[in-house]
There are 2 protein chains.
Amino acid sequence: MGPNALEQHIVLVGFMGAGKTTVGREVARRLDRTFFDLDEVIEQQLGSSIPELFAEYGEDGFRALETQILMEELLLRNRYWSVIAAGGGIVETSFARKALADLAFNVLLEVDVDTAWERAHDSDRPLARDETEFRRRYERRVPLYDEVADARARDAGDVALAAAGVHVETGVLERLGELVPGGPVALVSEPVVAGIYGADAQLALGDRLAEVHELPTGERAKSVQEVERLWRSLRIQRSDVLLALGGGSLTDAAGFAAATFGRGCPWVPVPTSLVGQVDAAIGGKTAIYIPEGKNLVGAFHWPARTVIDPALIETLPAHERLNGMSEVVKTGLLMGEPVWTLPDPELVRRCAAFKSAVCLRDPHDEGPRRVLNLGHTFAHALEAAAGYDLSHGHAVALGLLAALRLSGRDTDPVDELLHPKPVAVDRERAWQALQRDKKGRMRIVLLGDDGGRVTELPEADVRAALDSLIAR
Amino acid sequence: MGPNALEQHIVLVGFMGAGKTTVGREVARRLDRTFFDLDEVIEQQLGSSIPELFAEYGEDGFRALETQILMEELLLRNRYWSVIAAGGGIVETSFARKALADLAFNVLLEVDVDTAWERAHDSDRPLARDETEFRRRYERRVPLYDEVADARARDAGDVALAAAGVHVETGVLERLGELVPGGPVALVSEPVVAGIYGADAQLALGDRLAEVHELPTGERAKSVQEVERLWRSLRIQRSDVLLALGGGSLTDAAGFAAATFGRGCPWVPVPTSLVGQVDAAIGGKTAIYIPEGKNLVGAFHWPARTVIDPALIETLPAHERLNGMSEVVKTGLLMGEPVWTLPDPELVRRCAAFKSAVCLRDPHDEGPRRVLNLGHTFAHALEAAAGYDLSHGHAVALGLLAALRLSGRDTDPVDELLHPKPVAVDRERAWQALQRDKKGRMRIVLLGDDGGRVTELPEADVRAALDSLIAR
């Protein structure tokens, strides 16, 4: 139930052979949750194998046992949200479907019947002996899975996206109306994006489009004055939806307006930049600008849904794309996979899935999210020293160089993809900005074998790494 | 555990004879939660009475059973937060104390040993037969209750206050430092209040006082420009505390700053007006002002604690007090009790307890809170028609008159306590403002036998009631 799994169990449903156990384990690892395979729990509790239980109680008897143990799993783990791989047949019991609908976020792991038979038929599964019966059962269950599924997935990345309420699909802008939950919609965009995609978005929203608003292009959208202007022009109700179509600054500002208008109304970011699609629009952070600190004022306000259409970044100017590639490289380094070699739709899906998983682990930025700051300590210091006259992408690329050097890692991916040049800023000013940011403790995100980890470093090493980014 | 019971079970602990069952039932009624008496649950599950179970298993055996059933109650009711009256001896088992500390918000219902003996000794309680042993047991348990208690209470009102994190105590300003959880504190006040209580508050905070800020007196505190100025002057960290010392406008504005600074930092309102103490500072609503609507922009941000010192309202000017009395009368009408006859400390405690309970039932204003709007539909219309040149208290007093008339109730309490005079405003303008507020549906809060209830009324009746408040 509900639009995301922030405060719910995630239950994987799907036909035998879909890979629920493998994917469930991987999802649990990424989200740092406990994993339960319902079949294993049943075998442990009853001291018999599934085939033995089938033989002893029959299919109906087994379903009754299974439903009861599912209920216990769902109810017992009060606020300890877990990932549960359910048995393929759990949906055959109407009471189990009701329990799933009421008490869990259910993701259907999809598998076609041929693959399922291929994987299942030489196992000891009691229901995978007769192929005709197997195929008949598959057909019978299709509508039952549909009935409980809050989302569909093919792999662990898809599950993380679904759990975060993030939908990634090329061309999906056309179907925006279907994907935005709720009633009337106030569309908030900015002139450049509105000129390219505004009409398509309006068309896709149809009758639900109630209002159209604009913020200025770029960081000016985040000024207090502009957000005040937006607050004053909104006419929607608190239960209506604010849809933010644009880059990272636009979704930050419009998301903040949504967090505060009517003391919080549902919102849907539709990011149109690479930075937005792989990073800024995911995870519920919103912010406006005050001179004392870039994201000092803001709110956590998880979107009702995040709609990502990788087709939208095709029109991106080269420098905007390069900006986003710095975050892609950062994400790939943290994942330990060269995602930057993938075509856009897959690159976006993988990066968005990684960010979704990290943010689900830590919705209010109390710990695990800090790894996303890889390279950013240095980037912020350089930006401050340059009086913010330095692109964020360039600053992050340099910051990644420093983080990789301090981690004893090869800097090739950064050099080859982002080829950042040292910047001419005042060394002392950059160092002071970094110290202010860190408040005396040099806790820097480095890259380890399992991804990012926060490490306390000697001041001299950090200063040397910072200096190496500054032109002589 | 934690500062409040918004998302926790409430467990009442305390010695036999403290009245845990009676008070627990009343708390559950006020908070619209399910109530469980642990002794009753045990008797039902095991099919024997408590004395029989004591006789059969001995005290140790009974404690083991009791702890197990407590654990089930705490764990099973996933997100269905209940009120549980625990047995007096539950704290004797260290594992039960651990479970309580980890899984519930525990309120110690206090009783002195003489009263306890008076109430318990001629019941069938197995542990209330020998007075010496009874008194020894009482002494032994005192530190055990202290170990688990998140708060102390004497009645259902106290429990509601504690559950909402609200502390009401005359003279408590002196002990502010003890009551504000967390680390460094930024004190936000306004010139008039700072002149009277600022020094005492600063003294009470001692070393923890990190910063002092001022907003303008009155509604000007809520302007976007003033809140921006406050954002820009704050230097505290996201984990530090913002303390708001002042009236309703001050706590609204400073609370909004706390909700948005660092994407949300803990805050403690210390209301200094009668309106603030009985209403505005309780329930987590914060707001700033835009001309399009008084509380259109804001955030829900439940305080880490609310500290109410009824001594602070002694210095209130008469018109400010009258303002607050309108809310007191509204609260008394909703409670069905003439709380306005009570001395200040008790009047404040009772009204704050009522508001706490209603807000705990509905932290995000999705239904039950609407009863608090008794009279306010009319008040808002009159205020708008007067161009906001009408005191809120006067407007609410008139609104209460209309609500009572439409409810077929006696208007004496309003007439005698608030003696509101009709106002000279444009009838058409007032009616249009009311219609805008209601969006065409005349859903008005009326007074029934069990308190407020939202009722749809014919337009003509509502218009006539509004007209009766306007001077010819």
# chains A, B, ... in the order shown; residues from 1 in each chain; ligands from 1

$ interface_residues --of "chain A" --to "chain B" --cutoff "9 Å" --atoms "only C-alpha atoms" --output "ChimeraX atom specification"
/A:72,74-79,224-225,228,231-233,257,259-264,285-287,290-293,295-300,364

$ select_by_dssp --residues "segment 221-464 of chain B" --states "strand (DSSP E)" --output "PDB file with C-alpha atoms, in the first residue's frame"
ATOM      1  CA  VAL B 241      17.787  23.662  19.865  1.00  0.00           C
ATOM      2  CA  LEU B 242      15.799  26.749  18.944  1.00  0.00           C
ATOM      3  CA  LEU B 243      13.889  28.071  21.946  1.00  0.00           C
ATOM      4  CA  ALA B 244      10.956  30.407  21.215  1.00  0.00           C
ATOM      5  CA  LEU B 245       9.959  32.661  24.123  1.00  0.00           C
ATOM      6  CA  GLY B 246       6.885  34.770  23.392  1.00  0.00           C
ATOM      7  CA  TRP B 267      12.588  23.453  19.051  1.00  0.00           C
ATOM      8  CA  VAL B 268      10.982  24.333  22.358  1.00  0.00           C
ATOM      9  CA  PRO B 269       8.177  26.893  22.551  1.00  0.00           C
ATOM     10  CA  VAL B 270       7.850  28.715  25.878  1.00  0.00           C
ATOM     11  CA  PRO B 271       4.561  30.575  25.434  1.00  0.00           C
ATOM     12  CA  LYS B 285       1.635  23.839  13.773  1.00  0.00           C
ATOM     13  CA  THR B 286       3.952  26.636  12.706  1.00  0.00           C
ATOM     14  CA  ALA B 287       3.220  29.385  10.177  1.00  0.00           C
ATOM     15  CA  ILE B 288       4.320  32.607   8.600  1.00  0.00           C
ATOM     16  CA  TYR B 289       2.243  35.316   6.958  1.00  0.00           C
ATOM     17  CA  ILE B 290       1.497  35.995   3.317  1.00  0.00           C
ATOM     18  CA  GLY B 293      -3.941  33.738   3.724  1.00  0.00           C
ATOM     19  CA  LYS B 294      -2.984  34.013   7.359  1.00  0.00           C
ATOM     20  CA  ASN B 295      -1.572  30.540   7.946  1.00  0.00           C
ATOM     21  CA  LEU B 296      -1.284  29.370   4.341  1.00  0.00           C
ATOM     22  CA  VAL B 297       2.476  28.885   4.568  1.00  0.00           C
ATOM     23  CA  GLY B 298       3.904  26.850   7.400  1.00  0.00           C
ATOM     24  CA  ALA B 299       5.022  23.444   8.541  1.00  0.00           C
ATOM     25  CA  PHE B 300       4.053  20.736  10.995  1.00  0.00           C
ATOM     26  CA  THR B 306       6.705  22.614  25.166  1.00  0.00           C
ATOM     27  CA  VAL B 307       7.374  24.396  28.453  1.00  0.00           C
ATOM     28  CA  ILE B 308       4.433  26.248  29.974  1.00  0.00           C
ATOM     29  CA  ARG B 443     -19.504  22.660   6.992  1.00  0.00           C
ATOM     30  CA  ILE B 444     -19.487  24.334  10.389  1.00  0.00           C
ATOM     31  CA  VAL B 445     -18.329  23.059  13.778  1.00  0.00           C
ATOM     32  CA  LEU B 446     -21.304  22.943  16.142  1.00  0.00           C
ATOM     33  CA  LEU B 447     -21.480  21.948  19.768  1.00  0.00           C
ATOM     34  CA  GLY B 448     -23.101  18.588  20.505  1.00  0.00           C
ATOM     35  CA  GLY B 451     -18.160  18.149  22.212  1.00  0.00           C
ATOM     36  CA  GLY B 452     -17.643  19.570  18.757  1.00  0.00           C
ATOM     37  CA  ARG B 453     -18.831  17.991  15.534  1.00  0.00           C
ATOM     38  CA  VAL B 454     -18.634  19.158  11.924  1.00  0.00           C
ATOM     39  CA  THR B 455     -22.128  19.683  10.482  1.00  0.00           C
ATOM     40  CA  GLU B 456     -23.313  20.722   7.040  1.00  0.00           C
TER      41      GLU B 456
END

$ select_by_dssp --residues "segment 52-276 of chain A" --states "helix (DSSP H, G or I)" --output "PyMOL selection string"
chain A and resi 52-76+90-92+94-103+113-120+131-148+156-163+172-179+191-208+218-222+224-233+248-260+274-276

$ atom_distance --atom1 "atom CA of Lys20 of chain B" --atom2 "atom CA of Ala85 of chain B"
5.6 Å

$ closest_residue --among "B:Gly89, B:Pro413, B:Gly399, B:Pro303" --to "Trp340 of chain B" --atoms "only C-alpha atoms"
B:Pro413

$ residues_around --residues "Glu131 of chain B" --least-positions-apart "2" --cutoff "12 Å" --atoms "only C-alpha atoms" --output "ChimeraX atom specification"
/B:113-114,116-118,120-122,126-129,133-138

$ residues_around --residues "Thr67 of chain B" --least-positions-apart "5" --cutoff "10 Å" --atoms "only C-alpha atoms" --output "PyMOL selection string"
chain B and resi 38+62+72-73+86-87+90-97+99-100

$ write_last_selection --atoms "N, CA, C and O atoms" --output "mmCIF file, in the first residue's frame"
data_model
loop_
_atom_site.group_PDB
_atom_site.id
_atom_site.type_symbol
_atom_site.label_atom_id
_atom_site.label_comp_id
_atom_site.auth_asym_id
_atom_site.auth_seq_id
_atom_site.Cartn_x
_atom_site.Cartn_y
_atom_site.Cartn_z
ATOM 1 N N LEU B 38 -3.307 -4.909 31.159
ATOM 2 C CA LEU B 38 -2.465 -6.090 30.997
ATOM 3 C C LEU B 38 -2.978 -7.258 31.852
ATOM 4 O O LEU B 38 -2.953 -8.412 31.413
ATOM 5 N N PHE B 62 4.591 -15.803 37.753
ATOM 6 C CA PHE B 62 3.636 -14.828 37.225
ATOM 7 C C PHE B 62 4.360 -13.703 36.491
ATOM 8 O O PHE B 62 3.956 -13.277 35.410
ATOM 9 N N GLU B 72 4.297 -9.173 23.814
ATOM 10 C CA GLU B 72 3.382 -9.398 22.692
ATOM 11 C C GLU B 72 2.527 -8.175 22.430
ATOM 12 O O GLU B 72 2.349 -7.766 21.285
ATOM 13 N N GLU B 73 2.010 -7.566 23.503
ATOM 14 C CA GLU B 73 1.191 -6.368 23.330
ATOM 15 C C GLU B 73 1.985 -5.252 22.656
ATOM 16 O O GLU B 73 1.487 -4.570 21.772
ATOM 17 N N ALA B 86 -0.140 -1.329 32.710
ATOM 18 C CA ALA B 86 0.662 -2.494 33.086
ATOM 19 C C ALA B 86 0.375 -2.858 34.533
ATOM 20 O O ALA B 86 -0.111 -2.041 35.314
ATOM 21 N N GLY B 87 0.667 -4.082 34.914
ATOM 22 C CA GLY B 87 0.555 -4.466 36.311
ATOM 23 C C GLY B 87 1.571 -3.694 37.132
ATOM 24 O O GLY B 87 2.629 -3.294 36.630
ATOM 25 N N ILE B 90 5.257 -5.010 37.109
ATOM 26 C CA ILE B 90 5.949 -5.296 35.856
ATOM 27 C C ILE B 90 7.406 -4.830 35.907
ATOM 28 O O ILE B 90 8.290 -5.465 35.331
ATOM 29 N N VAL B 91 7.651 -3.748 36.634
ATOM 30 C CA VAL B 91 9.011 -3.191 36.664
ATOM 31 C C VAL B 91 9.983 -4.042 37.474
ATOM 32 O O VAL B 91 11.182 -3.777 37.480
ATOM 33 N N GLU B 92 9.473 -5.080 38.156
ATOM 34 C CA GLU B 92 10.395 -5.901 38.953
ATOM 35 C C GLU B 92 11.258 -6.799 38.075
ATOM 36 O O GLU B 92 12.288 -7.296 38.518
ATOM 37 N N THR B 93 10.834 -7.050 36.845
ATOM 38 C CA THR B 93 11.609 -7.893 35.936
ATOM 39 C C THR B 93 12.504 -7.003 35.082
ATOM 40 O O THR B 93 12.009 -6.102 34.404
ATOM 41 N N SER B 94 13.815 -7.252 35.098
ATOM 42 C CA SER B 94 14.707 -6.341 34.381
ATOM 43 C C SER B 94 14.439 -6.384 32.881
ATOM 44 O O SER B 94 14.526 -5.371 32.200
ATOM 45 N N PHE B 95 14.073 -7.558 32.361
ATOM 46 C CA PHE B 95 13.801 -7.668 30.935
ATOM 47 C C PHE B 95 12.567 -6.842 30.547
ATOM 48 O O PHE B 95 12.536 -6.200 29.487
ATOM 49 N N ALA B 96 11.566 -6.831 31.432
ATOM 50 C CA ALA B 96 10.369 -6.012 31.168
ATOM 51 C C ALA B 96 10.723 -4.534 31.182
ATOM 52 O O ALA B 96 10.233 -3.765 30.348
ATOM 53 N N ARG B 97 11.603 -4.123 32.106
ATOM 54 C CA ARG B 97 12.021 -2.710 32.130
ATOM 55 C C ARG B 97 12.715 -2.340 30.831
ATOM 56 O O ARG B 97 12.488 -1.282 30.261
ATOM 57 N N ALA B 99 12.253 -3.810 27.900
ATOM 58 C CA ALA B 99 11.246 -3.766 26.827
ATOM 59 C C ALA B 99 10.465 -2.453 26.883
ATOM 60 O O ALA B 99 10.210 -1.818 25.853
ATOM 61 N N LEU B 100 10.079 -2.052 28.088
ATOM 62 C CA LEU B 100 9.344 -0.792 28.233
ATOM 63 C C LEU B 100 10.188 0.384 27.748
ATOM 64 O O LEU B 100 9.718 1.239 27.003
#

$ atom_distance --atom1 "atom CA of Asp467 of chain B" --atom2 "atom CA of Gly324 of chain B"
24.5 Å

$ residues_around --residues "Val23 of chain A" --least-positions-apart "4" --cutoff "9 Å" --atoms "only C-alpha atoms" --output "PyMOL selection string"
chain A and resi 12+18-19+27-28+85+109+154-156+159

$ residues_around --residues "Asp39 of chain B" --least-positions-apart "3" --cutoff "12 Å" --atoms "only C-alpha atoms" --output "number ranges by chain"
B: 16, 20-21, 36, 42-51, 53-54, 62-63, 65-67, 69-70, 73, 84-90, 125

$ write_last_selection --atoms "N, CA, C and O atoms" --output "tab-separated table (two decimals), in the first residue's frame"
chain	number	residue	atom	x	y	z
B	16	MET	N	0.12	-0.49	42.81
B	16	MET	CA	-1.30	-0.86	42.88
B	16	MET	C	-2.06	0.22	43.64
B	16	MET	O	-1.55	0.83	44.57
B	20	LYS	N	-4.39	3.05	37.53
B	20	LYS	CA	-3.89	2.91	36.16
B	20	LYS	C	-5.01	2.53	35.18
B	20	LYS	O	-5.05	3.04	34.06
B	21	THR	N	-5.90	1.65	35.59
B	21	THR	CA	-6.96	1.22	34.68
B	21	THR	C	-7.95	2.35	34.40
B	21	THR	O	-8.28	2.64	33.24
B	36	PHE	N	-5.73	-1.36	26.71
B	36	PHE	CA	-5.55	-2.72	27.22
B	36	PHE	C	-5.13	-2.67	28.68
B	36	PHE	O	-4.21	-1.93	29.02
B	42	ILE	N	-4.02	-10.94	30.45
B	42	ILE	CA	-3.45	-12.18	31.00
B	42	ILE	C	-4.56	-13.14	31.42
B	42	ILE	O	-4.53	-14.33	31.08
B	43	GLU	N	-5.53	-12.61	32.14
B	43	GLU	CA	-6.63	-13.47	32.60
B	43	GLU	C	-7.38	-14.08	31.43
B	43	GLU	O	-7.72	-15.27	31.44
B	44	GLN	N	-7.61	-13.28	30.39
B	44	GLN	CA	-8.31	-13.81	29.22
B	44	GLN	C	-7.49	-14.88	28.53
B	44	GLN	O	-7.99	-15.93	28.15
B	45	GLN	N	-6.19	-14.60	28.33
B	45	GLN	CA	-5.37	-15.55	27.58
B	45	GLN	C	-5.19	-16.86	28.32
B	45	GLN	O	-5.10	-17.92	27.72
B	46	LEU	N	-5.08	-16.75	29.66
B	46	LEU	CA	-4.77	-17.97	30.41
B	46	LEU	C	-5.99	-18.59	31.06
B	46	LEU	O	-5.92	-19.70	31.59
B	47	GLY	N	-7.11	-17.89	31.04
B	47	GLY	CA	-8.35	-18.47	31.56
B	47	GLY	C	-8.36	-18.62	33.07
B	47	GLY	O	-9.14	-19.42	33.61
B	48	SER	N	-7.48	-17.89	33.75
B	48	SER	CA	-7.48	-17.93	35.23
B	48	SER	C	-7.39	-16.51	35.76
B	48	SER	O	-6.89	-15.62	35.07
B	49	SER	N	-7.84	-16.32	36.99
B	49	SER	CA	-7.74	-14.98	37.58
B	49	SER	C	-6.31	-14.74	38.06
B	49	SER	O	-5.52	-15.67	38.23
B	50	ILE	N	-5.97	-13.47	38.28
B	50	ILE	CA	-4.62	-13.13	38.75
B	50	ILE	C	-4.30	-13.86	40.07
B	50	ILE	O	-3.22	-14.47	40.19
B	51	PRO	N	-5.21	-13.81	41.09
B	51	PRO	CA	-4.89	-14.56	42.32
B	51	PRO	C	-4.64	-16.05	42.06
B	51	PRO	O	-3.72	-16.64	42.63
B	53	LEU	N	-3.45	-17.37	39.30
B	53	LEU	CA	-2.15	-17.51	38.63
B	53	LEU	C	-1.00	-17.35	39.63
B	53	LEU	O	0.00	-18.06	39.56
B	54	PHE	N	-1.16	-16.40	40.58
B	54	PHE	CA	-0.16	-16.23	41.63
B	54	PHE	C	-0.04	-17.51	42.45
B	54	PHE	O	1.05	-17.97	42.76
B	62	PHE	N	4.59	-15.80	37.75
B	62	PHE	CA	3.64	-14.83	37.22
B	62	PHE	C	4.36	-13.70	36.49
B	62	PHE	O	3.96	-13.28	35.41
B	63	ARG	N	5.47	-13.23	37.04
B	63	ARG	CA	6.24	-12.13	36.41
B	63	ARG	C	6.71	-12.55	35.01
B	63	ARG	O	6.73	-11.74	34.09
B	65	LEU	N	5.32	-14.77	32.96
B	65	LEU	CA	4.13	-14.75	32.09
B	65	LEU	C	3.77	-13.33	31.69
B	65	LEU	O	3.50	-13.02	30.53
B	66	GLU	N	3.76	-12.47	32.70
B	66	GLU	CA	3.35	-11.08	32.51
B	66	GLU	C	4.28	-10.36	31.52
B	66	GLU	O	3.83	-9.64	30.63
B	67	THR	N	5.58	-10.62	31.67
B	67	THR	CA	6.55	-9.98	30.78
B	67	THR	C	6.34	-10.45	29.35
B	67	THR	O	6.39	-9.66	28.41
B	69	ILE	N	3.61	-11.52	27.96
B	69	ILE	CA	2.38	-10.97	27.38
B	69	ILE	C	2.53	-9.47	27.12
B	69	ILE	O	2.03	-8.95	26.12
B	70	LEU	N	3.27	-8.79	27.98
B	70	LEU	CA	3.58	-7.38	27.71
B	70	LEU	C	4.32	-7.24	26.38
B	70	LEU	O	3.98	-6.40	25.54
B	73	GLU	N	2.01	-7.57	23.50
B	73	GLU	CA	1.19	-6.37	23.33
B	73	GLU	C	1.99	-5.25	22.66
B	73	GLU	O	1.49	-4.57	21.77
B	84	ILE	N	-1.76	1.21	27.38
B	84	ILE	CA	-1.70	-0.05	28.13
B	84	ILE	C	-1.51	0.26	29.61
B	84	ILE	O	-0.60	1.01	29.98
B	85	ALA	N	-2.37	-0.30	30.44
B	85	ALA	CA	-2.14	-0.23	31.89
B	85	ALA	C	-1.39	-1.50	32.28
B	85	ALA	O	-1.90	-2.60	32.13
B	86	ALA	N	-0.14	-1.33	32.71
B	86	ALA	CA	0.66	-2.49	33.09
B	86	ALA	C	0.38	-2.86	34.53
B	86	ALA	O	-0.11	-2.04	35.31
B	87	GLY	N	0.67	-4.08	34.91
B	87	GLY	CA	0.56	-4.47	36.31
B	87	GLY	C	1.57	-3.69	37.13
B	87	GLY	O	2.63	-3.29	36.63
B	88	GLY	N	1.25	-3.48	38.41
B	88	GLY	CA	2.13	-2.70	39.27
B	88	GLY	C	3.53	-3.28	39.38
B	88	GLY	O	4.51	-2.56	39.56
B	89	GLY	N	3.64	-4.60	39.28
B	89	GLY	CA	4.92	-5.26	39.50
B	89	GLY	C	5.74	-5.49	38.25
B	89	GLY	O	6.83	-6.08	38.32
B	90	ILE	N	5.26	-5.01	37.11
B	90	ILE	CA	5.95	-5.30	35.86
B	90	ILE	C	7.41	-4.83	35.91
B	90	ILE	O	8.29	-5.46	35.33
B	125	ARG	N	-6.33	-8.47	45.86
B	125	ARG	CA	-4.97	-8.47	45.32
B	125	ARG	C	-4.05	-9.30	46.21
B	125	ARG	O	-3.98	-9.08	47.42

$ residues_around --residues "Ala352 of chain B" --least-positions-apart "5" --cutoff "10 Å" --atoms "only C-alpha atoms" --output "JSON, numbers by chain"
{"B": [157, 158, 160, 161, 164, 166, 167, 168, 276, 277, 278, 279, 280, 281, 282, 283, 308, 328, 331, 346, 347, 357]}
